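K.L.:
Following this message is one structure expressed as structure tokens.
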Amino acid sequence: MLGALILLGWGIAAHAQFLGPGRFLFPGSGSRLQGSQEPAGSLLNAFCQQPPAEVARKSQLRQQANRSDVAWAEYAQILDEHRAALIACRSQRWPQIQAIWVRLHPCDANPGVLDQVFDQVVNLGYNRVFIETFYDGRSILPDGAGGIWPSLQPNADLLDLALKAARRRGLSAYAWVFSLNFGYSYGQRPDRQVALARNGRGITTVLDPATALSEDLGSPGEVFVDPFHPLARRDFAELVRRILQRQPDGILFDYIRYPRGSGGSSVAATVRDLWIHGEAARKAYLNLAENSAGRALLERYLSQGYVTVRDVQQLDAAYAEEPRWRQPGDPWPSPTEKWALSPELLDWAAQDMASRNWQGDQLSSAKDLPESLEKPADSSSEAAAPTPAPSPTPSAAVRQERWQQQLWQLSVEFARYGVLDYLQQAAQPAQRLGIPVGAVFFPEGNQAVGEGFDARLQPWDRFDPGMEWHPMAYAKCEDSSCVAQQVEQVLAVASPQTFVCPAIAGLWGQAQRQRPSLETQTAELARRFPQLPCVSHFALSWIEPELERSRRTCQL
């Protein structure tokens, strides 16, 4: 399979050579075709791929390497040659960083397997690898080194082995981790049930197929945690700390989002659809309230999923104050801060307190409010204007409608804030060490859908611009235009200083249904976005299915 694909790539490159010396394969991209002036990479094609003869020669030397010192020296020499050729080629071609996503398996600890994997990564022209380090509730750290999670290969440190094998070949190597999806093993722990994300129906993503609604069922390996829960944060921070001890060249955080079901469960249209009903999330949500009336209102809305006119009337009867709350992430107000209320609410409060003979005083207008409810000091002419005549008290129906809208917006923002704050905290240890941090996301994961939002609520447009952004541009169409549109959507939001590395999916030299070949997609991105420093391909398992099968079914 590998040889056939490289032959196809070489055919494309040979055709491109007819453009002539010094011409560019992708107009405007600065991607030079190989010429005789570049001896280090003179054998590579337009995609920095090794020719079939070199692939075969390296494979033979690898298989013979352990037979003698001479054979090992010859294998080491070809690794050095291909390393130099790749570095030279990528420095003169678009994109300068071409990355591949790699999942490891237990048998990769066997002698020579990782050599085979990363030799093929180099053969295909990649100079960066994203190594899946934590996925499906398991880590690739050795037994006991992954914190509370079981090890994929208890008897080997696969991450350390992979980092060394990649760097030996001139590749930069990142650790790639699932972040809010802690996996099946975590969901089975009795001592971690409190840390699981819950929606308004009280369910988690640990579902019984026999009883769960079909639209709620996702992958059985996906178990999402409450981003507000300190226990989940502590468990993840410990895993990240242990990964960083291996000193990867970067770390990518994937699954920075909530789950997305199918059908109706793919859209969050009410507060009960949001995954903010776990113990910690609920507590953090109610703590947004700034007074007793606000807490009572938030609690009713979160528990019921709505606020009725009767609720407003009951709050009026129980509390002599207008409900107040903060926006997620806002600091608590100081005790001396004066609250700015709208004129109609000031008048309503004055009339209400007057009718109750509040504190024994008859209050006739907003100017008679106690100091705690005064309008803030304002030097504008409006502040000096005479107090207007009291307007009619907002009816319970008016306030119910307004509160219903405000609380829905507050709840969506609260859910998004949980994701953002979780990512920020998870990234800090790597950032303190100067290790690059990246966030992986779906460009469509933050979009509005009808009256609601995509259930993933992935606020990537507010990710730290100092992080790397890795949008998964997997849109399907016949001509790559939809892929380019997703990348364009991200670049329109990203800071010019943000490192953006789109991930695309496909095969070398082969188009699939509504998915052009990697050559075609690469050419389209190079034409439209020559400023991109990086493109990645998902994934090695798709591009090399035979190798994937052999590595998954081997004997330890």
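Identifiers in this document derive from the order of the structure tokens: chains are assigned A, B, ..., residues are numbered from 1 separately in each chain, and ligands are numbered from 1 in order of occurrence.
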Residues of range 161-352 of chain A classed as helix (DSSP H, G or I) by DSSP on the backbone are to be reported as a PyMOL selection string.

P.N.:
chain A and resi 161-168+184-187+190-195+214-216+230-244+263-266+271-273+279-286+292-304+309-318+343-352

K.L.:
I'd like the neighbourhood of range 226-229 of chain A as a PyMOL selection string, where a residue qualifies if any of its atoms comes within 12 Å (using only C-alpha atoms), though same-chain residues fewer than 6 positions away should be ignored.

P.N.:
chain A and resi 179-182+187+192-199+204-205+235-236+255-259+274-285+328+414-426

K.L.:
Tell me which protein, DNA and RNA residues are within 12 Å of Val487 in chain A, counting only C-alpha atoms, leaving out same-chain ones fewer than 6 positions away, and put them as a PyMOL selection string.

P.N.:
chain A and resi 441-444+469-475+480-481+493-494+500-504+521+524-526+528-529+531-532+535

K.L.:
Which residue is closest to Leu44 in chain A? Choose from A:Ala65, A:Cys89, A:Val483, A:Ala317 and count only C-alpha atoms.

P.N.:
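Ranking A:Ala65, A:Cys89, A:Val483, A:Ala317 by distance to Leu44 in chain A, first place goes to A:Cys89.
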
K.L.:
Just checking: using only C-alpha atoms, which residue out of A:Leu252, A:Tyr126, A:Gln314, A:Val412 ends up closest to Gln327 in chain A?

P.N.:
A:Val412

K.L.:
Counting only C-alpha atoms, which of A:His537, A:Arg90, A:His105, A:Arg168 gets nearest to Arg138 in chain A?

P.N.:
A:His105

K.L.:
Tell me, as a short mmCIF file (atom, residue, chain, number, x, y, z; two decimals) with N, CA and C atoms, in the first residue's frame, which residues lie within 9 Å of Leu158 in chain A, counting only C-alpha atoms; anything in the same chain fewer than 5 positions away does not count.

P.N.:
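Result saved to around-v8.cif:
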data_model
loop_
_atom_site.label_atom_id
_atom_site.label_comp_id
_atom_site.auth_asym_id
_atom_site.auth_seq_id
_atom_site.Cartn_x
_atom_site.Cartn_y
_atom_site.Cartn_z
N LEU A 104 -0.81 4.84 18.97
CA LEU A 104 0.05 3.71 19.28
C LEU A 104 -0.76 2.55 19.86
N HIS A 105 -0.17 1.36 19.79
CA HIS A 105 -0.83 0.13 20.26
C HIS A 105 0.14 -0.65 21.14
N PRO A 106 -0.36 -1.58 21.95
CA PRO A 106 0.52 -2.32 22.86
C PRO A 106 1.70 -2.98 22.16
N ASP A 108 3.41 -2.01 19.79
CA ASP A 108 4.44 -1.07 19.34
C ASP A 108 5.66 -1.10 20.25
N ALA A 109 5.51 -1.73 21.43
CA ALA A 109 6.66 -1.88 22.31
C ALA A 109 7.61 -2.98 21.83
N THR A 133 -1.60 10.15 23.36
CA THR A 133 -0.99 9.77 24.63
C THR A 133 -2.02 9.36 25.68
N ILE A 140 -0.62 5.95 27.47
CA ILE A 140 0.47 5.13 26.93
C ILE A 140 1.70 5.20 27.84
N LEU A 141 1.51 5.73 29.05
CA LEU A 141 2.56 5.67 30.05
C LEU A 141 2.58 4.28 30.67
N PRO A 142 3.67 3.87 31.28
CA PRO A 142 3.73 2.53 31.85
C PRO A 142 2.81 2.37 33.06
N LEU A 152 -2.09 1.46 28.55
CA LEU A 152 -2.26 0.70 27.31
C LEU A 152 -1.24 -0.42 27.24
N GLN A 153 -0.03 -0.16 27.66
CA GLN A 153 1.06 -1.15 27.67
C GLN A 153 1.78 -1.03 29.00
N LEU A 163 8.88 9.28 21.50
CA LEU A 163 9.57 10.57 21.40
C LEU A 163 11.01 10.37 20.92
#

K.L.:
So how many Å separate CA of Asp119 in chain A and CA of Arg167 in chain A, to one decimal?

P.N.:
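One can read the CA of Asp119 in chain A to CA of Arg167 in chain A distance as 11.4 Å.
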
K.L.:
I need the residue nearest Phe130 in chain A from this list: A:Ala175, A:Leu407, A:Ala53, A:Cys534. Use only C-alpha atoms for the distance.

P.N.:
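Between A:Ala175, A:Leu407, A:Ala53, A:Cys534, the residue approaching Phe130 in chain A most closely is A:Ala175.
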
K.L.:
Need the shell around Ile131 in chain A: protein/DNA/RNA residues with any atom at most 8 Å away, counting only C-alpha atoms. Skip same-chain ones fewer than 2 positions apart. Format as number ranges by chain?

P.N.:
A: 101-104, 129, 133, 159, 162, 173-176

K.L.:
Find the spatial neighbours of Asn291 in chain A, counting only C-alpha atoms, within a cut-off of 8 Å - ignore same-chain residues fewer than 6 positions away - and output them as a PyMOL selection string.

P.N.:
chain A and resi 323-325

K.L.:
Quick check, in Å to one decimal: how far apart do CA of Arg310 in chain A and CA of Ala268 in chain A lie?

P.N.:
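Between CA of Arg310 in chain A and CA of Ala268 in chain A the gap is 25.7 Å.
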
K.L.:
Which residues come within 12 Å of Gln77 in chain A, counting only C-alpha atoms, excluding same-chain residues fewer than 2 positions away, as a ChimeraX atom specification?

P.N.:
/A:57-58,61-62,65,70-75,79-84,168-169

K.L.:
Pick the closest to Asp157 in chain A from A:Gln49, A:Gln245, A:Ser303, A:Asn127: which is it, counting only C-alpha atoms?

P.N.:
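Among the listed residues, the smallest separation from Asp157 in chain A belongs to A:Gln245.
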